[in-house]
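Visitor: Right, I'll just put the structure down here and ask away after.
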Amino acid sequence: MSALNSTILSPIASEDNQLITGAVGAAAILAITAIYYAISPKDKDHGFPKLRGIQLYHAWNFFHRRYDFLQSGFAWNLGKSFSFNVLHHNIIALTGEDARQAFFSNPHLNFDQGYKILMGAAPDISDVDMATDETGGGVAPFNKRLNKLLNKARLQSVLPTLLQDIIGKADKWGNDGKNGRIDPFTEIYDLVFLMTARLTTCHDLTKNEADLKKIGDLYLTLQTSATPTSLLLPWFPSPARKTGKGATTELYIMLYTYVEARRQAEPTSDAIDVLIAEGETTQGITGFVMGVLFAGIINTGIISCWMLTDLAVHPEWKEKCKNEIRDLLSRHLGDSLSSATLCEKLGAIPISAWEDELPIIDACIRESQRIYITGVTLRRNLREDMKFGAHVVKRGDFLAYALGDVHLNPEYYPEPHKFDPGRWLRPDPVPNAIYPFIGWGVGRHPCTGMKTAKLEMKLILAMFLMRYEYDLVDKDGKFPDSLPVPNRNDIHQVHVT
Ligand code: HEM
């Protein structure tokens, strides 16, 4: 018995020892790096003023309270761009119109690396041991696949099913013992998850609630395991790194299994089947689906939630949106479908009408986006040193630009925190400004999911407004004394005071 015990125990003990040795080693490296950067923070070559203080502390803040950290850096540098270190990486935090224009339009700035190294959260396919090169491929092949799936004809054919998805979820809201009360930041977010999976995966997955939930949880795990250590020291076996790798692998295996099952089944018009018919490999499709569920859900989910909240706080705009949907229905259907269900009526409206004939709803979505899409976009200079205004951006440097720099700028948007969709309905809303609205990206990387995201949000809103009278309430069922506010350091989080 004791022999057995010792054989079982010894490998575990030695693994512990390795971990401890690794942890001490990493701590020593971090400490040395911290001291090095703390005592040599000046960066004479680059010209961008370097934020004083302990660079490791700045790095920690950059990962944990990114938006607030950049704001305090700009305040320190009297409203101008500055730089700081994240370990050996030089990061330049940009502000102002010239910087914004260069950031979004310079062809030498790389999109993928900025996010991969400084953001994490998205599944990194190289973490999956069984994946090959064909699984990844960068943003260009990703966009090509998106265009195959999210074109107008395909959106039109999926429209009735998307509306069924909304009704299916909404029907449960009235029957879950909560007296018709929902937390949009859970329920609407989950709905967007379902709709995005519908558009980009297959029916087998969308009808499996347990697997959808599991996949949602794995993305959440990935997000929480994207710590500075796991991103910047990927070779170090920290618990977060192991958890992230495990979640990515689990996600990969789940989705791979669905793709392989579709390959063996009768072809349908499901997204995965479309990609199979195009000759794509199972690995390629799996990698794509992992990326699209990440890229397609977070922003669409969050803006859908805020849009409904904003309209509840501003009933005059809610009423205008409602009337616009009524007009759309009567313009396109008249009395022709008078006995049809709401779902059938909305499903009979052409995609082009959803896209082009709802200016008030477009203005409301844009206004919610302006107020809440304020997060930090990233790039990396992989080419030679380049002039950036009066300064130099060296090869290897990272650039960070917070969209709030323009979206919440009172020079462009008086009373920037006020929800006022009317500002988009006036002629020339932001005169003489370069890239005043970046809610869908601009320049070299405009959002390829914009039309789909807008459609999803409009369908949710139309169904909500036509089916329900709804209000914002607190836990006591009253209009809240203080309204929810976004946590700009973490778009998933909402403060309710
Ligand atoms: C309300 C919803 C959405 C918002 C607010 C949004 C916003 C953005 C923004 C601001 C960018 C530019 C990022 C940068 O320049 O660094 C972007 C790019 C991108 N978005 Fe979206 N997005 C949304 C929905 C979607 C959806 C549904 C998809 C896919 C199904 C998607 C796929 C992409 C892709 C692939 C890019 C990179 C394009 C490229 O580099 O060529 N987005 N998005």
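Letters A, B, ... mark the chains of the structure tokens in the order given; residue numbers begin at 1 per chain; ligand numbers begin at 1, in order shown.
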What's the 12 Å shell around segment 330-334 of chain A, counting only C-alpha atoms, without same-chain residues fewer than 3 positions away, as a ChimeraX atom specification?

Guide: /A:323-327,337-340,342,344-354,357

Visitor: Which residues of chain A sit at most 8 Å from ligand 1, using only C-alpha atoms and all ligand atoms? Give each one's shortest atom pair and distance in Å (one decimal place), in chain and ascending residue order, as a Markdown table.

Guide:
```
| residue | atom | partner | partner_atom_place_in_ligand_line | distance |
| --- | --- | --- | --- | --- |
| A:Phe104 | CA | ligand 1 | 15 (O) | 6.6 |
| A:Phe111 | CA | ligand 1 | 16 (O) | 6.6 |
| A:Val139 | CA | ligand 1 | 40 (O) | 5.6 |
| A:Ala140 | CA | ligand 1 | 41 (O) | 6.5 |
| A:Phe142 | CA | ligand 1 | 35 (C) | 6.6 |
| A:Asn143 | CA | ligand 1 | 35 (C) | 5.7 |
| A:Leu146 | CA | ligand 1 | 30 (C) | 6.8 |
| A:Leu150 | CA | ligand 1 | 30 (C) | 7.9 |
| A:Thr196 | CA | ligand 1 | 30 (C) | 7.1 |
| A:Thr200 | CA | ligand 1 | 30 (C) | 7.8 |
| A:Val292 | CA | ligand 1 | 30 (C) | 5.5 |
| A:Leu293 | CA | ligand 1 | 30 (C) | 7.3 |
| A:Ala295 | CA | ligand 1 | 31 (C) | 5.0 |
| A:Gly296 | CA | ligand 1 | 27 (C) | 3.5 |
| A:Ile297 | CA | ligand 1 | 27 (C) | 6.1 |
| A:Ile298 | CA | ligand 1 | 2 (C) | 7.4 |
| A:Asn299 | CA | ligand 1 | 2 (C) | 4.3 |
| A:Thr300 | CA | ligand 1 | 2 (C) | 3.6 |
| A:Gly301 | CA | ligand 1 | 1 (C) | 7.1 |
| A:Ile302 | CA | ligand 1 | 1 (C) | 7.4 |
| A:Ile303 | CA | ligand 1 | 1 (C) | 5.5 |
| A:Ser304 | CA | ligand 1 | 1 (C) | 7.4 |
| A:Gln369 | CA | ligand 1 | 5 (C) | 6.3 |
| A:Ile373 | CA | ligand 1 | 5 (C) | 6.3 |
| A:Thr377 | CA | ligand 1 | 16 (O) | 4.5 |
| A:Leu378 | CA | ligand 1 | 16 (O) | 5.8 |
| A:Arg379 | CA | ligand 1 | 16 (O) | 7.4 |
| A:Leu403 | CA | ligand 1 | 10 (C) | 7.9 |
| A:Ile438 | CA | ligand 1 | 10 (C) | 5.8 |
| A:Gly439 | CA | ligand 1 | 10 (C) | 4.8 |
| A:Trp440 | CA | ligand 1 | 10 (C) | 4.3 |
| A:Gly441 | CA | ligand 1 | 12 (C) | 3.6 |
| A:Val442 | CA | ligand 1 | 15 (O) | 6.5 |
| A:Gly443 | CA | ligand 1 | 15 (O) | 7.9 |
| A:Arg444 | CA | ligand 1 | 41 (O) | 6.8 |
| A:His445 | CA | ligand 1 | 40 (O) | 3.9 |
| A:Pro446 | CA | ligand 1 | 38 (C) | 5.4 |
| A:Cys447 | CA | ligand 1 | 18 (C) | 3.6 |
| A:Thr448 | CA | ligand 1 | 33 (C) | 4.9 |
| A:Gly449 | CA | ligand 1 | 28 (C) | 3.5 |
| A:Met450 | CA | ligand 1 | 24 (C) | 5.4 |
| A:Lys451 | CA | ligand 1 | 27 (C) | 7.9 |
| A:Thr452 | CA | ligand 1 | 27 (C) | 5.8 |
| A:Ala453 | CA | ligand 1 | 27 (C) | 4.5 |
| A:Lys454 | CA | ligand 1 | 1 (C) | 6.7 |
| A:Met457 | CA | ligand 1 | 1 (C) | 7.8 |
```

Visitor: Those same residues, written as a compact mmCIF listing (two decimals), in the first residue's frame with N, CA and C atoms?

Guide:
```txt
# COMPACT_ATOMS: atom_id res chain seq x y z
N PHE A 104 -5.70 54.47 -38.26
CA PHE A 104 -6.67 53.65 -39.00
C PHE A 104 -6.34 53.49 -40.48
N PHE A 111 -2.91 44.57 -37.82
CA PHE A 111 -4.12 44.44 -37.01
C PHE A 111 -4.04 43.23 -36.08
N VAL A 139 -6.87 37.82 -40.93
CA VAL A 139 -8.18 38.45 -41.10
C VAL A 139 -8.69 38.38 -42.55
N ALA A 140 -7.79 38.31 -43.55
CA ALA A 140 -8.26 38.32 -44.95
C ALA A 140 -9.08 37.06 -45.30
N PHE A 142 -10.51 35.13 -43.28
CA PHE A 142 -11.66 35.16 -42.36
C PHE A 142 -12.79 35.99 -43.00
N ASN A 143 -12.43 37.16 -43.51
CA ASN A 143 -13.43 38.03 -44.13
C ASN A 143 -14.03 37.39 -45.38
N LEU A 146 -16.62 35.06 -44.27
CA LEU A 146 -17.79 35.82 -43.79
C LEU A 146 -18.65 36.28 -44.94
N LEU A 150 -22.60 35.75 -45.14
CA LEU A 150 -23.46 36.85 -44.68
C LEU A 150 -23.86 37.78 -45.81
N THR A 196 -26.24 34.45 -33.82
CA THR A 196 -24.94 34.43 -34.51
C THR A 196 -24.56 32.98 -34.83
N THR A 200 -23.83 31.28 -38.55
CA THR A 200 -22.45 30.89 -38.89
C THR A 200 -22.11 29.43 -38.59
N VAL A 292 -15.45 33.46 -35.48
CA VAL A 292 -16.64 34.26 -35.78
C VAL A 292 -17.57 34.34 -34.56
N LEU A 293 -17.63 33.28 -33.77
CA LEU A 293 -18.48 33.35 -32.58
C LEU A 293 -17.92 34.40 -31.62
N ALA A 295 -15.90 37.15 -32.62
CA ALA A 295 -16.00 38.50 -33.22
C ALA A 295 -17.44 38.96 -33.34
N GLY A 296 -18.37 37.99 -33.55
CA GLY A 296 -19.73 38.37 -33.89
C GLY A 296 -20.63 38.63 -32.70
N ILE A 297 -20.25 38.16 -31.52
CA ILE A 297 -21.23 38.18 -30.44
C ILE A 297 -21.05 39.35 -29.47
N ILE A 298 -19.82 39.61 -29.05
CA ILE A 298 -19.65 40.54 -27.92
C ILE A 298 -20.28 41.91 -28.20
N ASN A 299 -19.82 42.56 -29.30
CA ASN A 299 -20.32 43.91 -29.56
C ASN A 299 -21.81 43.93 -29.89
N THR A 300 -22.25 42.95 -30.70
CA THR A 300 -23.67 42.93 -31.08
C THR A 300 -24.52 42.71 -29.83
N GLY A 301 -24.07 41.78 -28.98
CA GLY A 301 -24.81 41.50 -27.75
C GLY A 301 -24.90 42.73 -26.86
N ILE A 302 -23.75 43.37 -26.66
CA ILE A 302 -23.72 44.51 -25.73
C ILE A 302 -24.55 45.68 -26.26
N ILE A 303 -24.40 45.98 -27.57
CA ILE A 303 -25.14 47.14 -28.10
C ILE A 303 -26.65 46.85 -28.11
N SER A 304 -27.04 45.59 -28.39
CA SER A 304 -28.47 45.27 -28.34
C SER A 304 -29.03 45.55 -26.94
N GLN A 369 -24.09 53.02 -30.02
CA GLN A 369 -22.71 52.63 -30.34
C GLN A 369 -21.72 53.73 -29.97
N ILE A 373 -19.36 52.10 -27.49
CA ILE A 373 -18.19 51.52 -28.17
C ILE A 373 -17.04 52.53 -27.99
N THR A 377 -8.60 50.07 -29.40
CA THR A 377 -8.19 49.33 -30.60
C THR A 377 -6.66 49.29 -30.64
N LEU A 378 -6.12 48.27 -31.31
CA LEU A 378 -4.67 48.02 -31.22
C LEU A 378 -4.05 47.75 -32.59
N ARG A 379 -2.81 48.15 -32.75
CA ARG A 379 -2.05 47.84 -33.96
C ARG A 379 -0.60 47.61 -33.56
N LEU A 403 -11.53 54.24 -28.68
CA LEU A 403 -12.58 54.85 -29.50
C LEU A 403 -13.32 55.95 -28.75
N ILE A 438 -16.38 55.87 -35.30
CA ILE A 438 -15.60 54.66 -35.62
C ILE A 438 -16.30 53.43 -35.04
N GLY A 439 -17.61 53.57 -34.82
CA GLY A 439 -18.35 52.47 -34.22
C GLY A 439 -18.28 51.19 -35.03
N TRP A 440 -18.03 51.31 -36.34
CA TRP A 440 -17.87 50.11 -37.19
C TRP A 440 -16.46 50.04 -37.74
N GLY A 441 -15.51 50.68 -37.10
CA GLY A 441 -14.16 50.73 -37.64
C GLY A 441 -14.15 51.65 -38.86
N VAL A 442 -12.94 52.01 -39.33
CA VAL A 442 -12.80 52.86 -40.53
C VAL A 442 -11.47 52.51 -41.19
N GLY A 443 -11.22 53.12 -42.34
CA GLY A 443 -9.91 52.98 -42.98
C GLY A 443 -9.67 51.57 -43.47
N ARG A 444 -8.61 50.95 -42.99
CA ARG A 444 -8.17 49.66 -43.54
C ARG A 444 -8.90 48.46 -42.95
N HIS A 445 -9.59 48.64 -41.81
CA HIS A 445 -10.24 47.47 -41.19
C HIS A 445 -11.70 47.73 -40.80
N PRO A 446 -12.52 48.17 -41.76
CA PRO A 446 -13.93 48.36 -41.40
C PRO A 446 -14.56 47.03 -41.05
N CYS A 447 -15.58 47.07 -40.21
CA CYS A 447 -16.21 45.84 -39.71
C CYS A 447 -16.90 45.08 -40.84
N THR A 448 -16.54 43.82 -41.01
CA THR A 448 -17.16 43.02 -42.07
C THR A 448 -18.51 42.46 -41.62
N GLY A 449 -18.81 42.56 -40.33
CA GLY A 449 -20.08 42.02 -39.83
C GLY A 449 -21.14 43.10 -39.65
N MET A 450 -20.85 44.32 -40.13
CA MET A 450 -21.75 45.45 -39.81
C MET A 450 -23.20 45.19 -40.25
N LYS A 451 -23.39 44.78 -41.49
CA LYS A 451 -24.78 44.63 -41.98
C LYS A 451 -25.51 43.55 -41.19
N THR A 452 -24.80 42.47 -40.88
CA THR A 452 -25.42 41.39 -40.13
C THR A 452 -25.76 41.84 -38.71
N ALA A 453 -24.81 42.53 -38.08
CA ALA A 453 -25.04 42.99 -36.71
C ALA A 453 -26.23 43.93 -36.66
N LYS A 454 -26.29 44.86 -37.65
CA LYS A 454 -27.42 45.81 -37.68
C LYS A 454 -28.73 45.06 -37.85
N MET A 457 -29.80 43.39 -34.63
CA MET A 457 -30.29 44.35 -33.64
C MET A 457 -31.68 44.88 -34.02
```

Visitor: From segment 93-277 of chain A, collect each residue whose DSSP state is helix (DSSP H, G or I) and return the set as a ChimeraX atom specification.

Guide: /A:97-105,111-118,125-127,133-135,139-149,152-173,184-200,203-206,209-224,228-232,239-264,271-277

Visitor: Do a neighbour search on segment 173-184 of chain A at 9 Å with only C-alpha atoms, toss out local chain neighbours closer than 5 positions, and write the hits as number ranges by chain.

Guide: A: 189, 304-306, 308-309, 473, 477

Visitor: May I have the selected residues written with C-alpha atoms, as a short mmCIF file (atom, residue, chain, number, x, y, z; two decimals), in the first residue's frame?

Guide:
```cif
data_model
loop_
_atom_site.label_atom_id
_atom_site.label_comp_id
_atom_site.auth_asym_id
_atom_site.auth_seq_id
_atom_site.Cartn_x
_atom_site.Cartn_y
_atom_site.Cartn_z
CA TYR A 189 -26.94 38.62 -24.93
CA SER A 304 -28.47 45.27 -28.34
CA CYS A 305 -28.74 45.40 -24.54
CA TRP A 306 -27.86 49.08 -24.30
CA LEU A 308 -33.16 48.53 -25.39
CA THR A 309 -32.09 50.16 -22.12
CA VAL A 473 -37.31 48.55 -13.60
CA GLY A 477 -40.19 46.72 -9.99
#
```

Visitor: Tell me which protein, DNA and RNA residues are within 10 Å of Leu425 of chain A, counting only C-alpha atoms, leaving out same-chain ones fewer than 4 positions away, and put them as a list in words.

Guide: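 Result of the neighbour search: Pro359, Ile360, Asp362, Ala363, Cys364, Asp420, Pro421 and Pro429 of chain A.
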
Visitor: Go through A:Arg145, A:Ile167, A:Val406, A:Asp481 and flag the residue nearest Gly279 of chain A, using only C-alpha atoms for the distances.

Guide: A:Arg145
